[in-house]
>>> print(open('model.txt').read())   # compact mmCIF, C-alpha atoms (C1' of nucleotides)
# COMPACT_ATOMS: atom_id res chain seq x y z
CA MET A 1 91.95 99.21 138.89
CA GLN A 2 94.97 98.09 140.80
CA GLY A 3 94.81 101.15 143.07
CA GLU A 4 91.20 100.30 143.96
CA GLY A 5 92.23 96.78 144.87
CA MET A 6 90.05 95.44 142.10
CA GLY A 7 92.65 93.03 140.77
CA PHE A 8 92.48 91.90 137.19
CA SER A 9 91.68 88.87 135.11
CA TRP A 10 93.30 87.44 132.03
CA VAL A 11 90.63 89.24 130.02
CA THR A 12 91.82 92.56 131.44
CA LEU A 13 95.38 91.94 130.36
CA THR A 14 94.32 90.55 126.99
CA THR A 15 92.68 93.87 126.19
CA VAL A 16 95.50 96.05 127.52
CA LEU A 17 98.41 94.27 125.78
CA PRO A 18 97.32 95.15 122.24
CA VAL A 19 97.30 98.80 123.27
CA CYS A 20 100.96 98.50 124.34
CA GLY A 21 101.64 96.95 120.97
CA GLN A 22 99.85 99.70 119.07
CA VAL A 23 101.91 102.48 120.63
CA THR A 24 105.14 100.44 120.94
CA ALA A 25 105.16 100.74 124.73
CA LEU A 26 107.57 97.87 125.29
CA HIS A 27 108.38 98.88 128.86
CA SER A 28 104.69 98.79 129.84
CA GLY A 29 104.16 95.56 127.94
CA LYS A 30 106.98 93.91 129.86
CA GLU A 31 105.42 95.03 133.13
CA ILE A 32 102.24 93.24 132.16
CA HIS A 33 104.26 90.20 131.22
CA GLY A 34 105.75 90.45 134.72
CA GLN A 35 102.24 90.37 136.22
CA ILE A 36 101.50 87.20 134.28
CA VAL A 37 104.67 85.53 135.53
CA LYS A 38 104.04 86.70 139.11
CA SER A 39 100.52 85.34 139.24
CA LYS A 40 101.83 81.78 138.88
CA LYS A 41 98.70 80.75 137.01
CA ARG A 42 99.35 79.61 133.48
CA GLY A 43 98.29 82.19 130.95
CA ASP A 44 95.53 81.00 128.61
CA VAL A 45 95.79 80.96 124.85
CA PRO A 46 94.23 84.35 124.02
CA LEU A 47 96.36 86.04 126.70
CA LEU A 48 99.61 84.55 125.42
CA ASN A 49 98.60 85.36 121.86
CA SER A 50 98.15 88.99 122.76
CA LEU A 51 101.46 88.92 124.66
CA MET A 52 103.15 87.63 121.51
CA ASP A 53 101.49 90.30 119.45
CA MET A 54 102.66 93.01 121.85
CA TYR A 55 106.28 91.83 121.51
CA ALA A 56 106.02 91.54 117.73
CA LYS A 57 104.58 95.06 117.43
CA CYS A 58 107.34 96.41 119.64
CA GLY A 59 109.93 94.93 117.29
CA ALA A 60 111.03 92.44 119.97
CA ILE A 61 110.58 89.44 117.72
CA ASP A 62 112.87 87.14 119.73
CA TYR A 63 110.73 87.57 122.85
CA CYS A 64 107.68 86.89 120.72
CA ARG A 65 109.21 83.63 119.54
CA LYS A 66 110.12 82.65 123.11
CA VAL A 67 106.49 83.01 124.22
CA PHE A 68 105.36 81.06 121.17
CA ASP A 69 107.80 78.20 121.81
CA ARG A 70 106.77 77.88 125.45
CA MET A 71 103.03 77.79 124.78
CA GLN A 72 101.70 74.30 125.45
CA ASN A 73 98.54 74.89 123.46
CA LYS A 74 98.57 76.92 120.31
CA ASP A 75 95.66 77.89 118.14
CA ILE A 76 95.58 79.29 114.63
CA THR A 77 95.88 82.82 116.04
CA SER A 78 99.17 81.90 117.73
CA TRP A 79 100.62 80.68 114.43
CA ASN A 80 99.28 83.66 112.51
CA THR A 81 100.61 86.11 115.09
CA MET A 82 104.09 84.60 114.88
CA ILE A 83 104.10 84.54 111.08
CA SER A 84 102.81 88.07 110.83
CA GLY A 85 105.34 89.14 113.48
CA TYR A 86 108.21 87.86 111.35
CA SER A 87 106.66 89.42 108.31
CA ILE A 88 106.32 92.95 109.71
CA ASN A 89 109.82 92.71 111.13
CA GLY A 90 111.29 91.94 107.72
CA GLN A 91 112.15 88.30 108.49
CA ILE A 92 110.37 86.68 105.58
CA GLU A 93 112.54 83.52 105.56
CA GLU A 94 111.52 82.81 109.15
CA ALA A 95 107.89 83.47 108.28
CA MET A 96 108.09 80.98 105.41
CA ALA A 97 109.87 78.41 107.56
CA LEU A 98 107.13 78.66 110.17
CA PHE A 99 104.50 78.26 107.50
CA ASP A 100 106.20 75.02 106.38
CA GLU A 101 106.33 73.86 109.98
CA MET A 102 102.65 74.63 110.31
CA ILE A 103 101.85 72.52 107.29
CA SER A 104 103.96 69.58 108.46
CA ASN A 105 102.16 69.79 111.82
CA ARG A 106 98.89 69.47 109.92
CA ILE A 107 97.64 72.87 111.04
CA ARG A 108 95.38 74.34 108.42
CA PRO A 109 96.32 77.86 107.34
CA ASP A 110 93.52 80.36 106.82
CA GLY A 111 93.06 83.60 104.93
CA ILE A 112 94.92 85.58 107.60
CA THR A 113 97.98 83.34 107.31
CA PHE A 114 98.25 84.18 103.63
CA VAL A 115 97.68 87.89 104.11
CA ALA A 116 100.67 87.86 106.48
CA LEU A 117 102.86 85.91 104.06
CA LEU A 118 101.85 87.84 100.96
CA SER A 119 102.36 91.24 102.53
CA GLY A 120 105.72 90.01 103.82
CA CYS A 121 106.74 88.98 100.29
CA SER A 122 105.61 92.31 98.97
CA HIS A 123 107.66 94.27 101.49
CA SER A 124 110.75 92.13 100.91
CA GLY A 125 110.59 92.23 97.12
CA LEU A 126 109.95 88.49 96.77
CA THR A 127 107.64 88.93 93.82
CA SER A 128 107.79 85.51 92.19
CA LYS A 129 107.59 83.69 95.50
CA GLY A 130 104.56 85.79 96.41
CA LYS A 131 102.86 85.11 93.10
CA ARG A 132 103.36 81.39 93.59
CA LEU A 133 101.93 81.65 97.09
CA PHE A 134 98.88 83.41 95.73
CA HIS A 135 98.12 80.32 93.65
CA VAL A 136 99.21 77.82 96.28
CA MET A 137 96.78 79.19 98.83
CA GLN A 138 93.89 78.01 96.73
CA ASN A 139 95.11 74.43 97.20
CA TYR A 140 94.52 74.95 100.92
CA GLY A 141 90.95 75.94 100.29
CA VAL A 142 91.54 79.65 100.80
CA LYS A 143 89.78 81.74 98.20
CA PRO A 144 91.53 85.05 97.46
CA SER A 145 89.70 87.93 99.11
CA LEU A 146 90.09 91.64 98.45
CA GLU A 147 92.91 91.72 101.04
CA HIS A 148 94.89 89.09 99.14
CA TYR A 149 94.43 90.95 95.89
CA ALA A 150 95.61 94.11 97.66
CA CYS A 151 98.83 92.31 98.57
CA LEU A 152 99.27 91.04 95.02
CA VAL A 153 98.75 94.46 93.47
CA ASP A 154 101.13 96.00 95.98
CA MET A 155 103.74 93.33 95.32
CA LEU A 156 103.65 93.86 91.56
CA GLY A 157 103.54 97.65 91.74
CA ARG A 158 106.26 97.96 94.36
CA SER A 159 108.61 95.90 92.20
CA GLY A 160 107.97 98.15 89.20
CA LYS A 161 105.54 95.95 87.29
CA LEU A 162 102.95 98.71 87.03
CA ASP A 163 101.19 97.34 83.95
CA GLU A 164 100.81 93.93 85.49
CA ALA A 165 99.48 95.47 88.68
CA LEU A 166 96.95 97.54 86.75
CA ALA A 167 95.86 94.45 84.81
CA VAL A 168 95.13 92.65 88.08
CA VAL A 169 93.07 95.58 89.36
CA GLU A 170 91.08 95.72 86.14
CA SER A 171 90.26 92.02 86.19
CA LEU A 172 89.31 91.90 89.87
CA PRO A 173 86.25 89.73 90.59
CA MET A 174 85.10 92.37 93.08
CA LYS A 175 85.00 96.13 93.41
CA PRO A 176 88.52 97.47 94.11
CA SER A 177 88.92 99.17 97.47
CA GLY A 178 90.65 102.43 98.27
CA SER A 179 93.69 100.53 99.47
CA ILE A 180 94.05 98.82 96.11
CA TRP A 181 94.06 102.07 94.16
CA GLY A 182 96.10 103.73 96.90
CA SER A 183 98.74 101.05 96.68
CA LEU A 184 98.91 101.49 92.93
CA LEU A 185 99.22 105.25 93.33
CA ASN A 186 102.11 104.70 95.69
CA SER A 187 103.81 102.52 93.11
CA CYS A 188 103.35 105.28 90.53
CA ARG A 189 105.08 107.60 93.00
CA LEU A 190 107.96 105.13 93.48
CA TYR A 191 108.52 104.77 89.74
CA GLY A 192 107.66 108.32 88.68
CA ASN A 193 104.72 107.40 86.43
CA VAL A 194 102.73 110.64 86.34
CA SER A 195 100.17 109.70 83.70
CA LEU A 196 99.14 106.43 85.35
CA ALA A 197 99.01 108.24 88.68
CA GLU A 198 96.46 110.66 87.22
CA THR A 199 94.25 107.80 86.00
CA VAL A 200 94.51 106.01 89.31
CA VAL A 201 93.77 109.05 91.40
CA GLU A 202 90.53 109.66 89.54
CA ARG A 203 89.26 106.27 90.71
CA LEU A 204 90.74 106.73 94.15
CA PHE A 205 89.01 110.06 94.76
CA GLU A 206 85.66 108.45 93.97
CA ILE A 207 86.19 106.04 96.85
CA GLU A 208 88.21 108.05 99.36
CA PRO A 209 87.65 111.75 98.62
CA ASN A 210 88.60 112.74 102.15
CA ASN A 211 91.78 110.74 102.73
CA PRO A 212 94.56 113.33 103.06
CA GLY A 213 97.22 110.70 102.28
CA ASN A 214 95.95 110.37 98.74
CA TYR A 215 96.35 114.08 98.05
CA VAL A 216 99.82 114.08 99.56
CA MET A 217 100.88 111.15 97.43
CA LEU A 218 99.60 112.80 94.28
CA SER A 219 101.33 116.02 95.25
CA ASN A 220 104.55 114.05 95.76
CA VAL A 221 104.24 112.42 92.34
CA TYR A 222 104.11 115.90 90.80
CA ALA A 223 106.87 117.25 93.03
CA ASN A 224 109.19 114.38 92.05
CA ALA A 225 108.60 115.31 88.44
CA GLY A 226 109.28 118.98 89.18
CA MET A 227 105.70 119.91 88.27
CA TRP A 228 105.32 122.64 90.89
CA GLU A 229 102.22 124.21 89.30
CA GLU A 230 100.42 120.89 89.70
CA VAL A 231 101.68 120.58 93.26
CA LYS A 232 100.13 123.95 93.99
CA ARG A 233 96.88 122.87 92.39
CA VAL A 234 96.65 119.75 94.59
CA ARG A 235 97.35 121.75 97.74
CA GLU A 236 94.74 124.32 96.81
CA MET A 237 92.25 121.54 96.23
CA MET A 238 92.98 120.26 99.73
CA GLY A 239 92.49 123.72 101.15
CA MET A 240 89.19 124.18 99.35
CA ARG A 241 87.88 120.83 100.50
CA GLY A 242 89.10 121.42 104.05
CA ILE A 243 91.36 118.38 104.02
CA LYS A 244 94.21 118.48 106.50
CA LYS A 245 97.06 116.11 107.01
CA ASP A 246 98.26 115.06 110.47
CA ALA A 247 101.82 116.24 111.04
CA GLY A 248 104.55 113.61 111.09
CA CYS A 249 105.58 112.71 114.61
CA SER A 250 107.81 110.21 116.35
CA TRP A 251 107.89 108.96 119.89
CA ILE A 252 109.91 106.83 122.27
CA GLN A 253 109.18 105.31 125.64
CA ILE A 254 111.71 105.78 128.44
CA LYS A 255 110.58 104.13 131.67
CA HIS A 256 106.97 105.22 132.09
CA ARG A 257 107.07 108.29 129.91
CA ILE A 258 106.34 108.59 126.24
CA HIS A 259 108.34 111.40 124.62
CA THR A 260 106.91 112.83 121.43
CA PHE A 261 108.70 114.80 118.70
CA VAL A 262 107.47 116.72 115.66
CA ALA A 263 109.61 117.90 112.76
CA GLY A 264 111.64 120.92 113.70
CA GLY A 265 111.16 120.03 117.36
CA SER A 266 110.92 122.32 120.33
CA THR A 267 113.56 125.03 120.35
CA ASP A 268 114.26 124.25 124.02
CA PHE A 269 115.45 120.79 123.10
CA ARG A 270 117.28 121.76 119.94
CA ASN A 271 119.15 124.56 121.70
CA SER A 272 120.08 122.49 124.72
CA ALA A 273 123.78 121.92 125.35
CA GLU A 274 123.40 118.14 125.25
CA PHE A 275 121.52 118.19 121.98
CA CYS A 276 124.11 120.42 120.32
CA ARG A 277 127.00 118.32 121.58
CA ILE A 278 125.54 114.99 120.41
CA TRP A 279 124.30 116.51 117.17
CA SER A 280 127.71 117.83 116.18
CA GLU A 281 129.45 114.60 117.23
CA LEU A 282 127.00 112.65 115.11
CA SER A 283 127.40 115.00 112.16
CA ASP A 284 131.16 114.51 112.14
CA ALA A 285 131.02 110.77 112.72
CA THR A 286 128.30 110.04 110.16
CA LYS A 287 130.09 112.15 107.56
CA LYS A 288 133.21 110.02 108.10
CA VAL A 289 131.28 106.85 107.30
CA GLY A 290 129.95 108.40 104.13
CA TYR A 291 126.58 109.85 105.06
CA VAL A 292 125.59 112.84 102.92
CA PRO A 293 122.14 114.43 103.33
CA ASP A 294 119.93 113.58 100.36
CA THR A 295 117.61 116.52 99.89
CA GLU A 296 115.72 114.88 97.02
CA VAL A 297 113.17 113.73 99.57
CA VAL A 298 112.13 117.27 100.47
CA LEU A 299 109.28 117.76 98.08
CA HIS A 300 108.94 121.48 98.42
CA ASP A 301 110.02 124.24 96.11
CA ILE A 302 112.71 125.69 98.37
CA ASN A 303 116.49 126.18 98.16
CA ALA A 304 119.12 123.52 98.92
CA GLU A 305 120.20 124.90 102.29
CA MET A 306 116.62 124.98 103.55
CA LYS A 307 116.14 121.45 102.30
CA THR A 308 119.12 120.17 104.27
CA MET A 309 117.82 121.89 107.38
CA TRP A 310 114.45 120.36 106.76
CA VAL A 311 115.50 116.71 106.43
CA CYS A 312 117.84 116.99 109.38
CA GLY A 313 114.93 118.17 111.54
CA HIS A 314 112.70 115.18 110.79
CA SER A 315 111.01 113.96 113.93
CA GLU A 316 112.64 110.50 114.01
CA ARG A 317 116.10 112.07 114.18
CA LEU A 318 115.14 114.25 117.12
CA ALA A 319 113.70 111.20 118.86
CA ALA A 320 116.89 109.26 118.16
CA VAL A 321 119.11 111.98 119.56
CA TYR A 322 116.92 112.25 122.65
CA ALA A 323 117.11 108.50 123.15
CA LEU A 324 120.90 108.48 122.72
CA ILE A 325 121.20 111.15 125.41
CA ASN A 326 118.75 109.61 127.84
CA THR A 327 119.36 105.87 127.68
CA GLY A 328 122.41 103.89 128.74
CA ASP A 329 125.28 103.25 126.35
CA GLY A 330 124.68 100.08 124.35
CA MET A 331 120.93 100.03 124.99
CA PRO A 332 118.78 99.60 121.89
CA VAL A 333 117.01 102.73 120.67
CA ARG A 334 113.33 102.16 119.86
CA ILE A 335 111.47 104.77 117.87
CA THR A 336 107.94 104.79 116.48
CA LYS A 337 106.75 107.08 113.72
CA ASN A 338 103.22 107.76 112.48
CA LEU A 339 104.35 107.96 108.82
CA ARG A 340 106.91 106.14 106.76
CA VAL A 341 110.55 107.02 107.29
CA CYS A 342 112.07 109.03 104.43
CA VAL A 343 115.01 107.74 102.39
CA ASP A 344 117.40 110.23 103.91
CA CYS A 345 116.46 109.48 107.51
CA HIS A 346 116.85 105.82 106.62
CA SER A 347 120.48 106.29 105.55
CA TRP A 348 121.12 108.56 108.53
CA MET A 349 119.85 105.84 110.88
CA LYS A 350 122.14 103.30 109.24
CA ALA A 351 125.12 105.58 109.74
CA VAL A 352 124.16 106.35 113.34
CA SER A 353 123.74 102.67 114.20
CA ARG A 354 127.27 102.16 112.96
CA VAL A 355 128.99 105.06 114.69
CA THR A 356 127.19 104.63 118.03
CA ARG A 357 127.24 100.81 117.95
CA ARG A 358 123.61 100.86 119.02
CA LEU A 359 120.78 98.78 117.67
CA ILE A 360 118.07 101.15 116.40
CA VAL A 361 114.58 99.74 115.96
CA LEU A 362 112.33 102.08 114.03
CA ARG A 363 108.67 101.30 113.50
CA ASP A 364 106.78 103.28 110.89
CA THR A 365 103.02 103.10 110.31
CA ASN A 366 103.06 99.35 110.69
CA ARG A 367 106.37 97.79 109.95
CA PHE A 368 109.95 97.79 111.16
CA HIS A 369 113.46 98.74 110.29
CA HIS A 370 116.16 97.17 112.46
CA PHE A 371 119.39 99.13 112.02
CA GLU A 372 122.57 97.43 113.13
CA ASN A 373 126.16 98.41 112.45
CA GLY A 374 125.32 100.35 109.31
CA THR A 375 122.78 98.04 107.68
CA CYS A 376 119.02 97.69 107.84
CA SER A 377 116.86 94.57 108.05
CA CYS A 378 114.77 95.83 105.10
CA LYS A 379 117.85 95.54 102.86
CA ASP A 380 116.90 98.97 101.51
CA TYR A 381 113.87 97.62 99.65
CA TRP A 382 110.86 99.99 99.82
C1' DA B 1 89.47 88.95 125.25
C1' DT B 2 93.91 87.68 121.00
C1' DA B 3 95.98 87.58 114.69
C1' DG B 4 95.07 90.24 108.64
C1' DG B 5 95.40 94.62 103.20
C1' DG B 6 98.30 100.54 100.41
C1' DT B 7 100.29 105.29 101.75
C1' DT B 8 101.47 110.30 103.79
C1' DA B 9 103.80 118.29 103.44
C1' DG B 10 105.20 121.44 107.50
>>> encode(input="model.txt", output="structure tokens")
Amino acid sequence: MQGEGMGFSWVTLTTVLPVCGQVTALHSGKEIHGQIVKSKKRGDVPLLNSLMDMYAKCGAIDYCRKVFDRMQNKDITSWNTMISGYSINGQIEEAMALFDEMISNRIRPDGITFVALLSGCSHSGLTSKGKRLFHVMQNYGVKPSLEHYACLVDMLGRSGKLDEALAVVESLPMKPSGSIWGSLLNSCRLYGNVSLAETVVERLFEIEPNNPGNYVMLSNVYANAGMWEEVKRVREMMGMRGIKKDAGCSWIQIKHRIHTFVAGGSTDFRNSAEFCRIWSELSDATKKVGYVPDTEVVLHDINAEMKTMWVCGHSERLAAVYALINTGDGMPVRITKNLRVCVDCHSWMKAVSRVTRRLIVLRDTNRFHHFENGTCSCKDYW
DNA sequence: ATAGGGTTAG
């Protein structure tokens, strides 16, 4: 459009910014922000809302807050975007504080506000606070919808209260969705409850028979329990039904280019002199600060050496090494992954943030880990 | 035109 001399309107930018957010293209998002500043016209509310959302989804929560604070007019979307931004970035205290501020400013929260808060509580392990919130929201005239129940079930299950979670699902005033059963299945995986997983999956397959993630989760439940025959059965079932899983991949943006990595990586990159040098430096340094590969996360029936090779080749590590090589010392490393990070990569990232003194911001399917000097913003709660 | 719910083998 710009090449054709067409120019652009606020509507143009309002539609492009969410795309930057979705793929974590912070560099591109900042360029658009630059266009807004350059135009000297004040951005309107939807435009600034989508600018905030872009920053939040790129893990740049401080920039998001800056835009929010400078907005002269805010609507409910602005407040919700800020709260949800804090929530997905693991800053639940800030989310709660903003909610209080909203209330004292007499802004009426809506269903979306509570989805943001509840899912934040769930991901930070604030179970009792979340439960209270679930009741409190009804005082604000918000009736719990399926989405709110999904948060509640996830919150209970994730903190190990599987029975309580199941009881909620069974007493739901509406038909449970795939995400409700899926969340419960995930909790069974976290706590190694094979028999409940089997009950749950029966219901889940009625609703989402073609969702590859459900098969993988079930397979992982069995693998964790060492039930390799069952693992095989699940994989054969997938094969028979023609269900394929997208491979895990990670990417980073450097200037205008997006660099993508899959597990194992390209041999060109892994054999390059720079890769080998950084890799061996990191191996020594991370070992010194106590990092030991945890091969428990490799849910395949293979030997220990292969397992170590496998975890160390996970796509987010390759992306991290590439970023360390190709960005200036001290610059934050920003990685996005299409799946959740595994436990071992999580501890590796902590160690790397410490030995390189770099901030590492890792976004998985839809939330963030901020690694700094050996610790993570998620406080290791999954 | 902007904000919201679970998860994932290579």
>>> interface_residues(input="model.txt", of="chain A", to="chain B", cutoff="7 Å", atoms="only C-alpha atoms (C1' of nucleotides)", output="VMD selection string")
chain A and resid 11 14 to 15 46 to 47 49 to 50 77 80 to 81 112 115 to 116 147 to 148 150 to 151 154 179 to 180 182 to 183 186 213 216 to 217 339
>>> residues_near_point(input="model.txt", point="(101.4, 84.4, 108.8)", cutoff="9 Å", atoms="all atoms listed in the file", output="list in words")
Trp79, Asn80, Thr81, Met82, Ile83, Ser84, Gly85, Tyr86, Ser87, Ala95, Met96, Leu98, Phe99, Pro109, Ile112, Thr113, Phe114, Val115, Ala116, Leu117, Leu118 and Gly120 of chain A; DA3 and DG4 of chain B
>>> atom_distance(input="model.txt", atom1="atom CA of A:Tyr140", atom2="atom CA of A:Ser104")
13.2 Å
>>> axis_aligned_box(input="model.txt", around="stretch 192-198 of chain A", padding_each_side="6 Å", output="lines of an AutoDock Vina configuration file")
center_x = 102.1
center_y = 108.5
center_z = 86.2
size_x = 23.2
size_y = 16.2
size_z = 17.0
>>> residues_near_point(input="model.txt", point="(110.9, 102.5, 116.9)", cutoff="6 Å", atoms="only C-alpha atoms (C1' of nucleotides)", output="ChimeraX atom specification")
/A:334-336,361-363
>>> residues_around(input="model.txt", residues="A:Val16", least_positions_apart="2", cutoff="10 Å", atoms="all atoms listed in the file", output="number ranges by chain")
A: 10-14, 18-21, 28-29, 32, 50-51, 54; B: 1
>>> residues_around(input="model.txt", residues="stretch 340-348 of chain A", least_positions_apart="2", cutoff="6 Å", atoms="only C-alpha atoms (C1' of nucleotides)", output="count of residues only")
4
>>> residues_around(input="model.txt", residues="A:Ser219", least_positions_apart="6", cutoff="8 Å", atoms="only C-alpha atoms (C1' of nucleotides)", output="short mmCIF file (atom, residue, chain, number, x, y, z; two decimals) with C-alpha atoms, keeping the file's coordinate frame")
data_model
loop_
_atom_site.label_atom_id
_atom_site.label_comp_id
_atom_site.auth_asym_id
_atom_site.auth_seq_id
_atom_site.Cartn_x
_atom_site.Cartn_y
_atom_site.Cartn_z
CA GLU A 230 100.42 120.89 89.70
CA VAL A 231 101.68 120.58 93.26
CA VAL A 234 96.65 119.75 94.59
CA ARG A 235 97.35 121.75 97.74
#
>>> atom_distance(input="model.txt", atom1="atom CA of A:His123", atom2="atom CA of A:Cys378")
8.1 Å
>>> atom_distance(input="model.txt", atom1="atom CA of A:Tyr63", atom2="atom CA of A:Ser124")
22.4 Å
>>> closest_residue(input="model.txt", among="A:Gly157, A:Gly313, A:Gly248, A:Gly130", to="A:Ser266", atoms="all atoms listed in the file")
A:Gly313
>>> decode(input="model.txt", residues="chain B", atoms="N, CA and C atoms (P, O5', C5', C4', C3', O3' and C1' of nucleotides)", output="short mmCIF file (atom, residue, chain, number, x, y, z; two decimals), in the first residue's frame")
data_model
loop_
_atom_site.label_atom_id
_atom_site.label_comp_id
_atom_site.auth_asym_id
_atom_site.auth_seq_id
_atom_site.Cartn_x
_atom_site.Cartn_y
_atom_site.Cartn_z
P DA B 1 -15.04 -3.15 10.71
"O5'" DA B 1 -13.84 -3.55 11.66
"C5'" DA B 1 -12.69 -4.14 11.10
"C4'" DA B 1 -11.52 -3.65 11.90
"C3'" DA B 1 -11.60 -4.06 13.36
"O3'" DA B 1 -10.69 -5.11 13.56
"C1'" DA B 1 -11.05 -1.73 13.12
P DT B 2 -10.96 -6.12 14.73
"O5'" DT B 2 -10.29 -5.38 15.97
"C5'" DT B 2 -8.87 -5.19 15.99
"C4'" DT B 2 -8.48 -4.66 17.35
"C3'" DT B 2 -8.94 -5.53 18.49
"O3'" DT B 2 -7.98 -6.54 18.70
"C1'" DT B 2 -9.31 -3.23 18.97
P DA B 3 -8.45 -7.95 19.15
"O5'" DA B 3 -8.65 -7.75 20.72
"C5'" DA B 3 -7.51 -7.46 21.54
"C4'" DA B 3 -7.91 -7.58 22.99
"C3'" DA B 3 -8.51 -8.94 23.34
"O3'" DA B 3 -7.45 -9.80 23.69
"C1'" DA B 3 -9.81 -7.18 24.28
P DG B 4 -7.58 -11.32 23.38
"O5'" DG B 4 -8.64 -11.82 24.44
"C5'" DG B 4 -8.32 -11.81 25.84
"C4'" DG B 4 -9.35 -12.65 26.55
"C3'" DG B 4 -9.35 -14.11 26.13
"O3'" DG B 4 -8.47 -14.80 27.02
"C1'" DG B 4 -11.56 -13.26 26.37
P DG B 5 -7.92 -16.16 26.58
"O5'" DG B 5 -8.93 -17.25 27.14
"C5'" DG B 5 -9.23 -17.30 28.53
"C4'" DG B 5 -9.82 -18.67 28.84
"C3'" DG B 5 -9.03 -19.82 28.24
"O3'" DG B 5 -8.01 -20.19 29.13
"C1'" DG B 5 -11.36 -20.10 27.81
P DG B 6 -6.80 -20.90 28.59
"O5'" DG B 6 -7.21 -22.42 28.72
"C5'" DG B 6 -7.10 -23.09 29.97
"C4'" DG B 6 -6.86 -24.54 29.69
"C3'" DG B 6 -5.61 -24.78 28.85
"O3'" DG B 6 -4.49 -24.89 29.72
"C1'" DG B 6 -7.44 -26.08 28.06
P DT B 7 -3.08 -24.58 29.24
"O5'" DT B 7 -2.70 -25.81 28.32
"C5'" DT B 7 -2.61 -27.10 28.92
"C4'" DT B 7 -2.52 -28.11 27.83
"C3'" DT B 7 -1.35 -27.91 26.89
"O3'" DT B 7 -0.28 -28.67 27.42
"C1'" DT B 7 -3.33 -28.53 25.71
P DT B 8 1.14 -28.52 26.85
"O5'" DT B 8 1.14 -29.51 25.62
"C5'" DT B 8 0.68 -30.84 25.81
"C4'" DT B 8 0.82 -31.55 24.49
"C3'" DT B 8 2.15 -31.30 23.81
"O3'" DT B 8 2.58 -32.51 23.26
"C1'" DT B 8 0.44 -30.76 22.34
P DA B 9 3.88 -33.11 23.80
"O5'" DA B 9 4.13 -34.30 22.77
"C5'" DA B 9 4.64 -34.00 21.51
"C4'" DA B 9 5.69 -35.03 21.19
"C3'" DA B 9 6.56 -34.57 20.01
"O3'" DA B 9 7.73 -34.00 20.49
"C1'" DA B 9 5.59 -36.70 19.57
P DG B 10 8.38 -32.80 19.72
"O5'" DG B 10 9.24 -33.54 18.62
"C5'" DG B 10 10.21 -34.51 19.01
"C4'" DG B 10 10.60 -35.27 17.78
"C3'" DG B 10 10.89 -34.38 16.59
"O3'" DG B 10 12.26 -34.01 16.59
"C1'" DG B 10 9.47 -36.20 15.97
#
